[in-house]
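Asks: Following this message is one structure expressed as structure tokens.
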Amino acid sequence: MLFSRNSRNILKIVKHVLHYSQSAQYPAVVALRPTKLKSKSKEPRYFTDSKYVSVIGGKGGDGCISFLSLWANEYAGPDGGDGGNGGHIIFEASREVNNFNHVGSLIRAGEGEKGANKDCHGKNAKHTTIKIPVGTIVKRNEKIVADLYKEKLSFIAARGGAGGRGNHFFISDTQQAPEICEYGARGEEAKYHLELRTMADVGFIGFPNAGKSTLLQAISRARPKVASYAFTTLKPHIGVVHYSDFSQVMVADLPGLIPGSHKNRGLGIQFLKHAERCPILVFVMDASYEDLYSHYKTLIFELEQFSKKLAARPKLIVANKIDLPGSIENIKDLEKQVKIEILGISGKYGTNIGLFLGKIKELVEKYKSDNT
Ligand SMILES: Nc1nc2c(ncn2[C@@H]2O[C@H](COP(=O)(O)OP(=O)(O)OP(=O)(O)O)[C@@H](O)[C@H]2O)c(=O)[nH]1
Ligand SMILES: [Mg+2]
């Protein structure tokens with residue numbers, strides 16, 4: 001029998017659900033494996049959740065000094081037109097973008113046109129609208145000046161300068177032939193810090209080399225670099241996990257955390273700020289390491305030093321690399337010390353990934369129901 005591509009996908013989903021719903025261990029909603037291939041585009045693959053930008057509003061056009069001279073009326077009077085206004089720079093919240101990769105560090109708006117003779121006024125410049133993700137906080141001198149929490153909300157980051165007046169404007173009873181005009185005003189200049197309030201539903205936290213990027217690759221179409229040296233990931237990567245109830249969970253692979261991060265060691269504070277933008281944290285530990293408890297304590301300590309609220313966020317502990325020898329014993333030791341059940345997984349070989357995705361879905365749903 002022939003099926004279209006869409007109906008084949010739906011059949012796959014149904015098979016998936018039937019298969020997993022028969023096993024009592026799995027929840028009813030299961031994560032779907034991506035059917036599309038990973039993208040081959042060379043676009044920047046990292047995720048920019050915070051950006052410093054300088055904005056300069058457009059300069060207004062200068063006014064014009066001109067005197068009209070017509071046939072049979074040599075002194076027909078001043079006819080210098082006004083300059084056009086410079087453009088504003090506007091930040092607008094939009095669902096079309098989800099990070100700041102497309103935002104440049106210096107943004108200039110267009111300049112207004114100059115006035116001309118015969119009372120021609122210069123054209124106003126168009127405003128420059130920069131789309132930024134919904135949920136962006138705009139800060140100036142570290143003070144919040146705007147919170148774009150809803151689509152289409154906008155904020156004027158820099159106003160354009162007003163156009164200068166031409167000499168026609170200055171005609172008065174006492175001054176019939178003014179030889180003066182105004183220059184167009186300069187646009188406003190400002191520096192802003194754009195920050196996303198939430199970057200993803202779930203953030204992976206762990207020491208370098210724990211296998212966070214491997215895990216993200218295993219569960220989504222994201223392509224973070226994987227290598228066997230520390231600090232392979234320097235910028236966050238986001239992946240989307242699709243579930244059989246057509247819901248999605250955004251997962252962020254964050255750079256590794258090391259002892260002293262709260263004092264800005266390694267990627268330091270920047271890292272902790274990324275973590276702050278993920279409501280649920282997943283601790284990814286390297287199960288082949290013998291003293292897992294010391295790793296766990298360091299992770300908690302670093303988060304606490306940065307913010308107590310961050311350390312108290314809902315979390316899940318997973319031990320990756322369960323395929324390596326000795327990992328099961330290490331996980332059991334850790335379980336005894338922290339007295340929480342720890343999920344052993346292998347990002348590289350796909351062990352327990354379905355179970356892991358079911359657990360993060362549960363946590364995300366609980367978080368959403370608690371916060372609505
Ligand atoms: N045996 C085994 N190796 C794994 C597993 N997961 C990851 N690795 C290996 O661990 C190494 C580090 O993996 P990454 O995914 O780059 O680790 P990371 O946590 O993203 O590291 P940073 O980006 O440096 O913080 C790579 O050589 C992986 O192949 C696993 O489940 N089993
Ligand atoms: Mg990595």
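Scheme for the structure tokens: letters A, B, ... for chains in order shown; per-chain residue numbers from 1; ligand numbers from 1 in order shown.
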Could you please extract the residues within 10 Å of ligand 2, counting only C-alpha atoms and all ligand atoms, and hand them back as a compact mmCIF listing (two decimals) with N, CA and C atoms, in the first residue's frame?
Replies:
# COMPACT_ATOMS: atom_id res chain seq x y z
N PHE A 204 21.50 21.74 30.61
CA PHE A 204 22.43 20.69 31.06
C PHE A 204 23.59 21.34 31.79
N GLY A 206 27.13 20.50 34.07
CA GLY A 206 28.06 19.43 34.45
C GLY A 206 29.48 19.86 34.23
N PHE A 207 30.40 19.01 34.68
CA PHE A 207 31.81 19.29 34.47
C PHE A 207 32.12 19.18 32.97
N PRO A 208 33.22 19.78 32.52
CA PRO A 208 33.59 19.59 31.11
C PRO A 208 33.79 18.10 30.84
N ASN A 209 33.49 17.68 29.64
CA ASN A 209 33.70 16.29 29.20
C ASN A 209 32.71 15.28 29.78
N ALA A 210 31.65 15.76 30.45
CA ALA A 210 30.69 14.81 31.04
C ALA A 210 29.82 14.16 29.98
N GLY A 211 29.77 14.79 28.80
CA GLY A 211 28.97 14.22 27.70
C GLY A 211 27.67 14.97 27.47
N LYS A 212 27.64 16.26 27.82
CA LYS A 212 26.41 17.07 27.66
C LYS A 212 26.08 17.25 26.18
N SER A 213 27.11 17.56 25.38
CA SER A 213 26.85 17.80 23.95
C SER A 213 26.46 16.49 23.26
N THR A 214 27.07 15.39 23.66
CA THR A 214 26.71 14.09 23.08
C THR A 214 25.25 13.79 23.37
N LEU A 215 24.83 14.10 24.59
CA LEU A 215 23.45 13.83 24.99
C LEU A 215 22.48 14.71 24.17
N LEU A 216 22.84 15.98 23.97
CA LEU A 216 21.96 16.86 23.19
C LEU A 216 21.86 16.37 21.74
N PRO A 224 25.98 20.39 18.39
CA PRO A 224 27.13 20.93 19.13
C PRO A 224 28.35 20.06 18.89
N LYS A 225 29.53 20.66 18.99
CA LYS A 225 30.76 19.89 18.73
C LYS A 225 31.01 18.95 19.92
N VAL A 226 31.42 17.73 19.59
CA VAL A 226 31.75 16.75 20.63
C VAL A 226 33.23 16.40 20.49
N ALA A 227 33.98 16.47 21.57
CA ALA A 227 35.39 16.07 21.52
C ALA A 227 35.82 15.67 22.91
N SER A 228 36.93 14.94 22.98
CA SER A 228 37.32 14.38 24.28
C SER A 228 38.22 15.33 25.07
N TYR A 229 38.12 16.63 24.84
CA TYR A 229 38.87 17.57 25.67
C TYR A 229 37.90 18.54 26.35
N ALA A 230 38.39 19.17 27.44
CA ALA A 230 37.50 20.04 28.21
C ALA A 230 37.22 21.33 27.45
N PHE A 231 36.10 21.94 27.76
CA PHE A 231 35.66 23.20 27.15
C PHE A 231 35.54 23.13 25.63
N THR A 232 34.96 22.05 25.15
CA THR A 232 34.66 21.96 23.72
C THR A 232 33.54 22.94 23.41
N THR A 233 32.59 23.02 24.31
CA THR A 233 31.45 23.92 24.10
C THR A 233 31.72 25.22 24.83
N LEU A 234 31.75 26.32 24.06
CA LEU A 234 32.00 27.62 24.69
C LEU A 234 30.75 28.49 24.69
N LYS A 235 29.82 28.18 23.80
CA LYS A 235 28.56 28.93 23.75
C LYS A 235 27.41 27.94 23.81
N PRO A 236 26.27 28.35 24.37
CA PRO A 236 25.17 27.40 24.50
C PRO A 236 24.61 26.94 23.15
N HIS A 237 24.12 25.74 23.12
CA HIS A 237 23.43 25.21 21.94
C HIS A 237 22.05 24.77 22.39
N ASP A 253 22.39 22.94 25.87
CA ASP A 253 23.67 22.36 26.26
C ASP A 253 24.55 23.54 26.64
N LEU A 254 24.96 23.60 27.90
CA LEU A 254 25.72 24.76 28.37
C LEU A 254 27.20 24.40 28.49
N PRO A 255 28.07 25.39 28.46
CA PRO A 255 29.50 25.11 28.64
C PRO A 255 29.75 24.48 30.02
N GLY A 256 30.88 23.80 30.15
CA GLY A 256 31.19 23.08 31.39
C GLY A 256 31.42 24.02 32.57
Asks: With DSSP run on the backbone, what are the helix (DSSP H, G or I) residues within region 40-261 of chain A? I'd like them as a list in words.
Replies: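 Restricting region 40-261 of chain A to helix (DSSP H, G or I) produces Asn167, His168, Phe169, Phe170, Lys212, Ser213, Thr214, Leu215, Leu216, Gln217, Ala218, Ile219 and Ser261 of chain A.
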Asks: How would the residues just picked look written out with N, CA and C atoms as an mmCIF file, in the first residue's frame?
Replies:
data_model
loop_
_atom_site.group_PDB
_atom_site.id
_atom_site.type_symbol
_atom_site.label_atom_id
_atom_site.label_comp_id
_atom_site.auth_asym_id
_atom_site.auth_seq_id
_atom_site.Cartn_x
_atom_site.Cartn_y
_atom_site.Cartn_z
ATOM 1 N N ASN A 167 15.406 78.242 5.155
ATOM 2 C CA ASN A 167 15.242 79.681 5.417
ATOM 3 C C ASN A 167 13.814 80.161 5.186
ATOM 4 N N HIS A 168 13.010 79.405 4.454
ATOM 5 C CA HIS A 168 11.605 79.821 4.277
ATOM 6 C C HIS A 168 10.910 79.939 5.635
ATOM 7 N N PHE A 169 11.249 79.048 6.531
ATOM 8 C CA PHE A 169 10.607 78.985 7.853
ATOM 9 C C PHE A 169 10.846 80.278 8.641
ATOM 10 N N PHE A 170 11.999 80.908 8.402
ATOM 11 C CA PHE A 170 12.389 82.035 9.255
ATOM 12 C C PHE A 170 11.888 83.398 8.746
ATOM 13 N N LYS A 212 27.644 16.261 27.820
ATOM 14 C CA LYS A 212 26.411 17.067 27.660
ATOM 15 C C LYS A 212 26.081 17.247 26.178
ATOM 16 N N SER A 213 27.107 17.561 25.381
ATOM 17 C CA SER A 213 26.855 17.796 23.950
ATOM 18 C C SER A 213 26.461 16.495 23.263
ATOM 19 N N THR A 214 27.069 15.391 23.664
ATOM 20 C CA THR A 214 26.714 14.088 23.080
ATOM 21 C C THR A 214 25.249 13.787 23.368
ATOM 22 N N LEU A 215 24.826 14.101 24.591
ATOM 23 C CA LEU A 215 23.445 13.835 24.986
ATOM 24 C C LEU A 215 22.485 14.708 24.168
ATOM 25 N N LEU A 216 22.837 15.975 23.970
ATOM 26 C CA LEU A 216 21.956 16.857 23.190
ATOM 27 C C LEU A 216 21.865 16.367 21.743
ATOM 28 N N GLN A 217 22.989 15.905 21.221
ATOM 29 C CA GLN A 217 22.970 15.373 19.844
ATOM 30 C C GLN A 217 22.069 14.151 19.762
ATOM 31 N N ALA A 218 22.089 13.346 20.830
ATOM 32 C CA ALA A 218 21.312 12.102 20.814
ATOM 33 C C ALA A 218 19.812 12.370 20.870
ATOM 34 N N ILE A 219 19.403 13.470 21.506
ATOM 35 C CA ILE A 219 17.966 13.669 21.699
ATOM 36 C C ILE A 219 17.354 14.680 20.743
ATOM 37 N N SER A 261 33.894 28.629 39.534
ATOM 38 C CA SER A 261 33.176 29.345 38.475
ATOM 39 C C SER A 261 32.524 30.624 39.001
#
Asks: Do a neighbour search on region 106-119 of chain A at 7 Å with only C-alpha atoms, toss out local chain neighbours closer than 3 positions, and write the hits as a PyMOL selection string.
Replies: chain A and resi 53-64+66+68+79-89+122-128+163+166
Asks: What does the distance from CA of Ala146 (chain A) to CA of Tyr192 (chain A) come to in Å, to one decimal?
Replies: 10.5 Å
Asks: Using only C-alpha atoms and all ligand atoms, find the one residue out of A:Ile331, A:Gly358, A:Leu257, A:Leu292 that sits nearest to ligand 1.
Replies: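 Under the stated criterion, the closest residue is A:Leu257.
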